[in-house]
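Have a look at input.csv below; it lists CSV, C-alpha atoms and all ligand atoms.
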chain,number,residue,atom,x,y,z
A,1,MET,CA,-11.1,10.6,3.7
A,2,ARG,CA,-9.8,7.4,2.1
A,3,PHE,CA,-9.1,6.6,-1.5
A,4,VAL,CA,-10.9,3.4,-2.6
A,5,PRO,CA,-10.0,1.6,-5.8
A,6,ILE,CA,-13.0,1.2,-8.2
A,7,PHE,CA,-13.4,-2.5,-7.7
A,8,CYS,CA,-13.5,-2.2,-3.9
A,9,LEU,CA,-16.4,0.2,-3.8
A,10,ARG,CA,-19.3,-1.2,-1.7
A,11,GLU,CA,-23.0,-0.1,-1.3
A,12,GLY,CA,-23.4,2.3,1.7
A,13,MET,CA,-20.0,4.0,1.2
A,14,VAL,CA,-20.3,7.8,1.0
A,15,ASN,CA,-18.6,9.7,-1.9
A,16,ALA,CA,-16.3,12.4,-0.4
A,17,SER,CA,-15.7,14.5,-3.5
A,18,ASP,CA,-17.5,15.7,-6.6
A,19,LEU,CA,-17.1,13.3,-9.6
A,20,TYR,CA,-17.1,14.6,-13.2
A,21,GLY,CA,-17.9,12.9,-16.5
A,22,GLU,CA,-16.0,12.9,-19.8
A,23,ARG,CA,-17.2,16.4,-20.8
A,24,GLY,CA,-16.5,17.9,-17.4
A,25,GLU,CA,-20.2,17.6,-16.3
A,26,LEU,CA,-20.9,16.8,-12.6
A,27,VAL,CA,-22.1,13.2,-12.4
A,28,LEU,CA,-21.9,12.5,-8.7
A,29,PRO,CA,-21.9,15.2,-6.1
A,30,ARG,CA,-20.0,14.7,-2.9
A,31,ASN,CA,-21.8,13.1,0.1
A,32,THR,CA,-23.8,10.7,-2.0
A,33,ILE,CA,-24.5,7.3,-0.5
A,34,LEU,CA,-23.4,4.7,-3.1
A,35,ASN,CA,-25.8,2.0,-4.2
A,36,ALA,CA,-25.3,-0.8,-6.8
A,37,GLU,CA,-26.5,1.4,-9.7
A,38,LEU,CA,-24.2,4.3,-8.8
A,39,ILE,CA,-21.2,2.0,-8.3
A,40,TYR,CA,-21.9,0.5,-11.8
A,41,GLY,CA,-22.0,4.1,-13.2
A,42,ILE,CA,-18.8,5.1,-11.5
A,43,ARG,CA,-17.0,2.0,-13.0
A,44,LYS,CA,-18.0,3.2,-16.4
A,45,LEU,CA,-16.3,6.6,-15.8
A,46,LYS,CA,-12.9,5.0,-16.3
A,47,CYS,CA,-11.5,6.4,-13.1
A,48,ASN,CA,-9.2,4.4,-10.9
A,49,GLY,CA,-11.1,4.9,-7.7
A,50,ILE,CA,-12.8,7.6,-5.6
A,51,TYR,CA,-12.4,9.2,-2.2
A,52,VAL,CA,-15.0,8.0,0.4
A,53,GLU,CA,-15.8,9.2,3.9
A,54,ASP,CA,-14.6,6.9,6.6
A,55,ASP,CA,-15.0,6.9,10.4
A,56,HIS,CA,-11.3,6.4,11.0
A,57,THR,CA,-10.0,8.8,8.4
A,58,GLN,CA,-12.4,11.8,8.7
A,59,ASP,CA,-9.6,14.2,9.5
A,60,ILE,CA,-7.5,13.2,6.5
A,61,PRO,CA,-7.9,15.7,3.6
A,62,ILE,CA,-8.2,15.0,-0.1
A,63,VAL,CA,-5.0,16.1,-1.7
A,64,ASN,CA,-5.6,16.0,-5.5
A,65,THR,CA,-3.1,17.5,-7.8
A,66,ILE,CA,-5.8,18.4,-10.4
A,67,ASN,CA,-9.5,17.7,-9.9
A,68,SER,CA,-11.4,15.2,-12.0
A,69,SER,CA,-13.2,17.8,-14.0
A,70,LEU,CA,-10.0,19.4,-15.3
A,71,ARG,CA,-8.5,16.0,-15.9
A,72,THR,CA,-11.4,14.6,-17.9
A,73,LYS,CA,-11.7,17.7,-20.0
A,74,THR,CA,-8.0,17.6,-20.9
A,75,VAL,CA,-8.1,13.9,-21.7
A,76,SER,CA,-11.1,14.4,-24.0
A,77,GLY,CA,-9.3,17.3,-25.8
A,78,ILE,CA,-6.1,15.3,-26.4
A,79,LYS,CA,-8.1,12.3,-27.5
A,80,GLU,CA,-10.0,14.3,-30.1
A,81,ILE,CA,-6.6,15.6,-31.5
A,82,PHE,CA,-5.1,12.1,-31.7
A,83,ILE,CA,-8.2,10.5,-33.3
A,84,CYS,CA,-8.5,13.3,-35.9
A,85,LYS,CA,-4.9,12.8,-36.9
A,86,GLU,CA,-5.1,9.0,-36.9
A,87,ASN,CA,-8.0,9.3,-39.4
A,88,ASN,CA,-6.2,11.8,-41.5
A,89,LEU,CA,-8.7,14.5,-40.7
A,90,PRO,CA,-7.5,18.1,-40.4
A,91,ILE,CA,-7.2,19.5,-36.9
A,92,GLU,CA,-8.6,22.9,-36.4
A,93,LYS,CA,-6.1,25.2,-34.8
A,94,GLU,CA,-8.8,25.9,-32.3
A,95,LYS,CA,-8.3,22.5,-30.8
A,96,PHE,CA,-4.7,23.2,-30.0
A,97,VAL,CA,-5.7,26.6,-28.5
A,98,GLU,CA,-8.2,24.7,-26.2
A,99,MET,CA,-5.3,22.5,-25.1
A,100,GLU,CA,-3.1,25.5,-24.4
A,101,ASP,CA,-5.9,26.9,-22.2
A,102,GLN,CA,-6.3,23.5,-20.4
A,103,VAL,CA,-2.5,23.5,-19.8
A,104,GLU,CA,-2.6,27.0,-18.4
A,105,THR,CA,-5.3,26.0,-15.9
A,106,ILE,CA,-3.2,23.0,-14.8
A,107,VAL,CA,-0.2,25.3,-14.4
A,108,ASP,CA,-2.2,27.8,-12.3
A,109,VAL,CA,-3.4,24.9,-10.0
A,110,ILE,CA,0.1,23.6,-9.5
A,111,LEU,CA,1.5,27.1,-9.0
A,112,LYS,CA,-1.2,27.9,-6.4
A,113,ASN,CA,-0.2,24.7,-4.5
A,114,LYS,CA,3.6,24.9,-4.9
A,115,GLU,CA,4.3,23.0,-1.7
A,116,MET,CA,2.0,20.1,-2.6
A,117,MET,CA,3.6,16.8,-3.6
A,118,LEU,CA,2.3,15.3,-6.8
A,119,ASN,CA,-0.5,12.8,-6.3
A,120,MET,CA,-0.9,10.7,-9.5
A,121,VAL,CA,-3.1,7.9,-8.0
A,122,ASP,CA,-6.4,9.3,-9.1
A,123,LEU,CA,-5.0,10.0,-12.5
A,124,LYS,CA,-4.6,6.3,-13.4
A,125,VAL,CA,-7.2,4.5,-15.4
A,126,PHE,CA,-7.6,1.2,-17.0
A,127,ASP,CA,-8.1,2.1,-20.7
A,128,ASP,CA,-7.6,5.1,-23.0
A,129,TYR,CA,-4.0,4.8,-21.8
A,130,THR,CA,-2.4,7.1,-24.4
A,131,TYR,CA,-4.6,10.0,-23.5
A,132,PHE,CA,-4.5,9.7,-19.7
A,133,HIS,CA,-0.8,9.0,-20.0
A,134,SER,CA,-0.4,12.3,-22.0
A,135,VAL,CA,-2.2,14.3,-19.2
A,136,ASN,CA,-0.2,12.5,-16.5
A,137,VAL,CA,3.1,13.3,-18.2
A,138,ALA,CA,2.0,17.0,-18.5
A,139,VAL,CA,1.1,17.2,-14.8
A,140,LEU,CA,4.3,15.5,-13.7
A,141,SER,CA,6.4,17.7,-16.0
A,142,ILE,CA,4.8,20.9,-14.8
A,143,GLY,CA,5.3,19.8,-11.2
A,144,ILE,CA,9.1,19.2,-11.9
A,145,GLY,CA,9.3,22.5,-13.8
A,146,ALA,CA,7.6,24.4,-10.9
A,147,ALA,CA,10.1,22.9,-8.4
A,148,MET,CA,12.9,24.2,-10.7
A,149,GLY,CA,11.4,27.7,-10.4
A,150,PHE,CA,10.2,28.1,-14.0
A,151,ASP,CA,7.9,31.0,-14.6
A,152,ARG,CA,4.3,30.6,-15.7
A,153,ALA,CA,5.0,31.1,-19.4
A,154,ASP,CA,7.8,28.4,-19.4
A,155,LEU,CA,5.6,26.0,-17.4
A,156,CYS,CA,2.8,26.5,-20.0
A,157,ASN,CA,5.2,25.7,-22.8
A,158,LEU,CA,6.6,22.7,-20.9
A,159,GLY,CA,3.1,21.4,-20.1
A,160,PHE,CA,2.0,21.8,-23.8
A,161,GLY,CA,5.0,19.9,-25.1
A,162,ALA,CA,4.5,17.2,-22.4
A,163,LEU,CA,0.8,16.8,-23.3
A,164,LEU,CA,1.7,16.3,-26.9
A,165,HIS,CA,5.0,14.4,-26.4
A,166,ASP,CA,3.7,11.3,-28.2
A,167,ILE,CA,1.6,13.0,-30.9
A,168,GLY,CA,4.1,11.5,-33.5
A,169,LYS,CA,2.7,8.1,-32.7
A,170,VAL,CA,-0.3,8.9,-35.0
A,171,PHE,CA,2.1,8.7,-37.9
A,172,VAL,CA,3.4,5.2,-37.0
A,173,ASN,CA,1.9,2.1,-38.6
A,174,LYS,CA,-1.1,1.0,-36.5
A,175,GLU,CA,-0.2,-2.6,-36.5
A,176,ILE,CA,3.2,-1.8,-35.0
A,177,LEU,CA,1.7,0.8,-32.6
A,178,HIS,CA,-0.8,-1.7,-31.2
A,179,LYS,CA,1.3,-4.9,-31.4
A,180,GLN,CA,0.9,-6.8,-28.1
A,181,GLY,CA,4.2,-8.7,-28.2
A,182,PRO,CA,7.8,-7.5,-28.5
A,183,LEU,CA,8.7,-5.5,-31.6
A,184,THR,CA,11.1,-6.8,-34.2
A,185,ASP,CA,14.2,-4.6,-34.9
A,186,SER,CA,12.7,-3.1,-38.0
A,187,GLU,CA,9.4,-2.4,-36.2
A,188,PHE,CA,11.2,-0.8,-33.3
A,189,MET,CA,13.1,1.4,-35.9
A,190,GLU,CA,9.7,2.5,-37.2
A,191,MET,CA,8.4,3.2,-33.6
A,192,LYS,CA,11.4,5.2,-32.8
A,193,LYS,CA,10.5,7.7,-35.5
A,194,HIS,CA,7.6,9.0,-33.5
A,195,SER,CA,9.5,11.7,-31.5
A,196,PHE,CA,10.9,13.3,-34.7
A,197,LEU,CA,7.6,12.9,-36.6
A,198,GLY,CA,5.7,14.7,-33.7
A,199,TYR,CA,8.3,17.5,-33.6
A,200,GLU,CA,8.2,17.9,-37.4
A,201,TYR,CA,4.4,18.0,-37.5
A,202,LEU,CA,4.1,20.7,-34.9
A,203,ALA,CA,7.0,22.7,-36.4
A,204,LYS,CA,5.4,22.6,-39.8
A,205,GLU,CA,2.0,23.6,-38.5
A,206,PHE,CA,3.5,26.3,-36.2
A,207,VAL,CA,1.8,24.7,-33.2
A,208,GLY,CA,3.5,25.3,-29.8
A,209,SER,CA,6.7,27.1,-29.0
A,210,ILE,CA,10.1,26.1,-30.2
A,211,ALA,CA,10.9,25.0,-26.7
A,212,ALA,CA,7.8,22.8,-26.5
A,213,GLN,CA,8.7,21.3,-29.9
A,214,ALA,CA,12.2,20.6,-28.7
A,215,GLY,CA,10.8,18.8,-25.6
A,216,ILE,CA,8.9,16.5,-28.0
A,217,LEU,CA,11.9,15.9,-30.2
A,218,ASP,CA,14.1,15.0,-27.2
A,219,HIS,CA,11.8,13.0,-25.0
A,220,HIS,CA,13.6,9.7,-25.8
A,221,GLU,CA,17.2,11.0,-25.6
A,222,LYS,CA,19.3,9.5,-22.7
A,223,PHE,CA,21.5,11.7,-20.5
A,224,SER,CA,24.7,9.8,-21.2
A,225,GLY,CA,23.8,9.3,-24.9
A,226,GLY,CA,22.4,6.4,-26.8
A,227,GLY,CA,18.8,7.7,-27.1
A,228,TYR,CA,17.0,8.8,-30.2
A,229,PRO,CA,16.5,10.5,-32.6
A,230,ASN,CA,19.8,12.5,-32.3
A,231,ASN,CA,21.9,10.5,-29.8
A,232,ALA,CA,22.2,13.8,-27.9
A,233,LYS,CA,24.0,13.9,-24.5
A,234,GLY,CA,23.7,15.8,-21.2
A,235,GLU,CA,22.8,19.5,-21.6
A,236,LYS,CA,22.7,19.1,-25.4
A,237,ILE,CA,19.3,17.6,-24.7
A,238,SER,CA,16.8,20.4,-24.2
A,239,VAL,CA,15.7,20.8,-20.5
A,240,PHE,CA,12.1,20.2,-21.5
A,241,GLY,CA,13.2,16.9,-23.1
A,242,ARG,CA,15.1,15.9,-19.9
A,243,ILE,CA,12.1,16.7,-17.8
A,244,ILE,CA,9.5,15.0,-20.0
A,245,THR,CA,11.6,11.8,-20.2
A,246,ILE,CA,11.4,11.3,-16.4
A,247,ALA,CA,7.7,12.0,-16.3
A,248,ASP,CA,7.1,9.7,-19.3
A,249,VAL,CA,9.1,6.8,-17.8
A,250,TYR,CA,7.6,7.1,-14.3
A,251,ASP,CA,4.0,7.2,-15.5
A,252,ALA,CA,4.6,4.4,-18.1
A,253,LEU,CA,6.2,2.1,-15.5
A,254,THR,CA,3.4,2.6,-12.9
A,255,SER,CA,0.6,2.0,-15.4
A,256,ASP,CA,-1.2,-1.3,-16.0
A,257,ARG,CA,-1.0,-2.4,-19.7
A,258,PRO,CA,-2.8,-5.3,-21.4
A,259,TYR,CA,0.5,-7.2,-21.5
A,260,ARG,CA,1.9,-6.4,-18.0
A,261,LYS,CA,0.9,-5.0,-14.6
A,262,GLY,CA,2.3,-1.7,-13.6
A,263,LEU,CA,5.2,-1.5,-11.1
A,264,ILE,CA,4.3,-0.2,-7.6
A,265,PRO,CA,5.4,3.4,-7.3
A,266,SER,CA,8.4,2.7,-5.0
A,267,GLU,CA,9.8,0.2,-7.6
A,268,ALA,CA,9.3,2.9,-10.3
A,269,ILE,CA,11.2,5.4,-8.2
A,270,GLU,CA,14.0,2.9,-7.6
A,271,TYR,CA,14.2,2.5,-11.4
A,272,ILE,CA,14.4,6.3,-11.9
A,273,MET,CA,17.1,6.6,-9.2
A,274,GLY,CA,18.9,3.7,-10.8
A,275,GLY,CA,18.9,5.5,-14.2
A,276,THR,CA,20.5,8.7,-12.7
A,277,ALA,CA,23.2,10.0,-15.0
A,278,SER,CA,22.8,7.2,-17.5
A,279,LEU,CA,19.2,7.8,-18.6
A,280,PHE,CA,18.2,10.8,-16.6
A,281,ASP,CA,19.6,14.2,-15.6
A,282,PRO,CA,20.9,13.7,-12.0
A,283,ASP,CA,19.7,17.1,-10.8
A,284,LEU,CA,16.2,16.5,-12.1
A,285,VAL,CA,16.0,13.1,-10.5
A,286,LYS,CA,16.9,14.6,-7.2
A,287,LEU,CA,14.1,17.1,-7.6
A,288,PHE,CA,11.6,14.6,-8.9
A,289,ILE,CA,11.8,12.4,-5.9
A,290,THR,CA,11.1,15.4,-3.6
A,291,LYS,CA,8.0,16.3,-5.6
A,292,ILE,CA,6.3,12.9,-6.2
A,293,ALA,CA,4.1,11.3,-3.6
A,294,PRO,CA,4.2,7.6,-4.6
A,295,TYR,CA,1.8,6.8,-1.8
A,296,PRO,CA,-0.4,9.9,-1.6
A,297,VAL,CA,-2.5,11.0,1.4
A,298,GLY,CA,-5.7,9.0,1.6
A,299,THR,CA,-4.4,5.9,-0.1
A,300,THR,CA,-4.5,2.5,1.7
A,301,VAL,CA,-1.2,0.7,1.8
A,302,LYS,CA,0.1,-2.7,2.8
A,303,LEU,CA,3.2,-2.8,5.0
A,304,SER,CA,6.0,-5.3,5.1
A,305,ASN,CA,5.0,-6.4,8.6
A,306,GLY,CA,1.4,-7.3,7.4
A,307,LEU,CA,-0.3,-4.2,8.7
A,308,VAL,CA,-2.6,-2.2,6.6
A,309,GLY,CA,-3.1,1.6,6.9
A,310,VAL,CA,-4.1,4.9,5.3
A,311,VAL,CA,-1.4,7.5,4.4
A,312,THR,CA,-1.9,10.7,6.4
A,313,ASP,CA,1.1,12.7,5.4
A,314,ASN,CA,4.0,12.8,2.9
A,315,PHE,CA,7.4,14.3,3.3
A,316,GLU,CA,9.6,15.8,0.6
A,317,SER,CA,12.8,14.5,2.1
A,318,TYR,CA,11.8,10.8,2.1
A,319,CYS,CA,8.9,10.3,-0.2
A,320,MET,CA,8.7,6.5,0.3
A,321,ARG,CA,8.4,6.8,4.1
A,322,PRO,CA,5.0,8.5,4.8
A,323,ASN,CA,2.9,8.8,8.0
A,324,ILE,CA,0.4,6.0,8.1
A,325,ARG,CA,-2.7,5.4,10.2
A,326,ILE,CA,-2.8,1.7,10.9
A,327,LEU,CA,-6.3,0.4,10.5
A,328,LYS,CA,-6.1,-3.4,10.3
A,329,ASN,CA,-3.9,-6.2,11.6
A,330,GLY,CA,-4.8,-9.2,9.3
A,331,ASP,CA,-8.4,-9.9,9.8
A,332,SER,CA,-8.8,-8.7,13.3
A,333,LYS,CA,-9.8,-5.1,13.8
A,334,ILE,CA,-7.5,-3.1,16.0
A,335,LYS,CA,-7.8,0.4,17.4
A,336,PRO,CA,-6.3,2.7,14.7
A,337,PHE,CA,-3.0,4.2,15.5
A,338,ASP,CA,-0.5,6.5,13.6
A,339,LEU,CA,2.9,5.3,12.6
A,340,CYS,CA,5.6,7.3,10.9
A,341,LEU,CA,7.8,5.1,8.8
A,342,ALA,CA,10.6,7.6,9.3
A,343,ASP,CA,10.5,7.0,13.1
A,344,HIS,CA,13.3,5.0,14.7
A,345,ASN,CA,10.8,2.3,15.8
A,346,ALA,CA,9.6,1.6,12.3
A,347,LEU,CA,12.9,1.8,10.3
A,348,ASN,CA,12.7,-1.8,9.1
A,349,ILE,CA,9.1,-1.5,7.9
A,350,THR,CA,8.4,-0.6,4.2
A,351,VAL,CA,5.3,0.0,2.1
A,352,VAL,CA,5.0,-3.1,-0.1
A,353,ASP,CA,1.9,-2.2,-2.2
A,354,PHE,CA,-1.4,-0.5,-2.3
A,355,ALA,CA,-4.0,-2.4,-0.3
A,356,LYS,CA,-7.3,-3.3,-1.9
A,401,FE,FE,7.4,8.6,-26.7

How does this structure look as structure tokens?
Ligand SMILES: [Fe+2]
Amino acid sequence: MRFVPIFCLREGMVNASDLYGERGELVLPRNTILNAELIYGIRKLKCNGIYVEDDHTQDIPIVNTINSSLRTKTVSGIKEIFICKENNLPIEKEKFVEMEDQVETIVDVILKNKEMMLNMVDLKVFDDYTYFHSVNVAVLSIGIGAAMGFDRADLCNLGFGALLHDIGKVFVNKEILHKQGPLTDSEFMEMKKHSFLGYEYLAKEFVGSIAAQAGILDHHEKFSGGGYPNNAKGEKISVFGRIITIADVYDALTSDRPYRKGLIPSEAIEYIMGGTASLFDPDLVKLFITKIAPYPVGTTVKLSNGLVGVVTDNFESYCMRPNIRILKNGDSKIKPFDLCLADHNALNITVVDFAK
């Protein structure tokens, strides 16, 4: 299978996995031959791309962290909560319970596939950033927590806090929240209140565990100090906060926003590594880079030597040097061959980007 970005889909391609709509309904069963109308419909689903069958990649499995049904249902739930609060409508406790259930399902999926590295590529979308970002941060945080050996109950608390980490933004002035340019000092001061406001709201409403609330409060603290709201340092920052901050920064950096293009995953990983000990807990950074698959199995990548290939395997010890099946050399088709970037004959070759 091969992951094809949404704008590269062509008539005649065959969908390799079931595709679900916003309410979790099946909209495109696997093995469907795509036509123009279906491609138009897929584009409206706000997904980043889909897996397709391909002669040269038939033996490559789909390695999803969570499936599209679970993802879209969680996104819809979190969107409902944000929109209710933004419009000053009361949120029924039931909505939070539904989110807790969704988080439990995500935790169970991740615990069942503990060895799997985290594939975030199919979790990226062009709009509804806040809601998809919330789900991505939850998935990444749970993945880090699972690698730390947290039990199911702790993972559920961590995931719930991560899912709602930015709930406090609903209390921030909308003009500041949606401003496209850089914020003034006073606007930034207002924006910085969101982590405390989110914590305060959940604490007052008795929503989520104390640990989950602490994760929300601490998700902008920095490991060496200088973060907000409490300028906490090191282990004075709750462990959930230290985890959520890595997940939050990684997903934000790799996401396209209206005012900037997202970094490629390897640049974002360099940033996280660069922030070791100053921004992030060094032990958690070490763990994070063993769990994230920046170029997941099935994605098409461009190499520094001009070759293009599909990732066939990832390795925990060197996440930026996957196995790749080379498919193309410029415009001329060549016979596909497998290349491991960790092999001695490929040491000077790097992945430079996803290929379209
Ligand atoms: Fe935040």

Any idea what's packed within 10 Å of range 312-317 of chain A, counting only C-alpha atoms, ignoring anything in its chain fewer than 5 positions away? Could you give it as a ChimeraX atom specification? /A:1-2,57,59-61,63,115-117,287-300,322-325,338-340,342

Those selected residues, please, written with C-alpha atoms and delivered as a compact mmCIF listing (two decimals), in the frame of the given file.
# COMPACT_ATOMS: atom_id res chain seq x y z
CA MET A 1 -11.10 10.60 3.70
CA ARG A 2 -9.80 7.40 2.10
CA THR A 57 -10.00 8.80 8.40
CA ASP A 59 -9.60 14.20 9.50
CA ILE A 60 -7.50 13.20 6.50
CA PRO A 61 -7.90 15.70 3.60
CA VAL A 63 -5.00 16.10 -1.70
CA GLU A 115 4.30 23.00 -1.70
CA MET A 116 2.00 20.10 -2.60
CA MET A 117 3.60 16.80 -3.60
CA LEU A 287 14.10 17.10 -7.60
CA PHE A 288 11.60 14.60 -8.90
CA ILE A 289 11.80 12.40 -5.90
CA THR A 290 11.10 15.40 -3.60
CA LYS A 291 8.00 16.30 -5.60
CA ILE A 292 6.30 12.90 -6.20
CA ALA A 293 4.10 11.30 -3.60
CA PRO A 294 4.20 7.60 -4.60
CA TYR A 295 1.80 6.80 -1.80
CA PRO A 296 -0.40 9.90 -1.60
CA VAL A 297 -2.50 11.00 1.40
CA GLY A 298 -5.70 9.00 1.60
CA THR A 299 -4.40 5.90 -0.10
CA THR A 300 -4.50 2.50 1.70
CA PRO A 322 5.00 8.50 4.80
CA ASN A 323 2.90 8.80 8.00
CA ILE A 324 0.40 6.00 8.10
CA ARG A 325 -2.70 5.40 10.20
CA ASP A 338 -0.50 6.50 13.60
CA LEU A 339 2.90 5.30 12.60
CA CYS A 340 5.60 7.30 10.90
CA ALA A 342 10.60 7.60 9.30

Closest of A:Ala147, A:Leu111, A:Ile50, A:Ile246 to ligand FE 401 (chain A), counting all atoms listed in the file, is A:Ile246

Would you list the contacts of Phe223 in chain A as a PyMOL selection string, taking every protein, DNA or RNA residue within 10 Å and counting only C-alpha atoms, but skipping same-chain residues closer than 4 positions in sequence? chain A and resi 227+231-237+242+245+275-282

Please determine, counting only C-alpha atoms, which residue among A:Arg30, A:Lys261, A:Arg71, A:His178 has the shortest atom-to-atom distance to Val103 in chain A. A:Arg71

Close residues to ligand FE 401 (chain A) using all atoms listed in the file, limit 7 Å, as a PyMOL selection string: chain A and resi 165-166+194-195+219-220
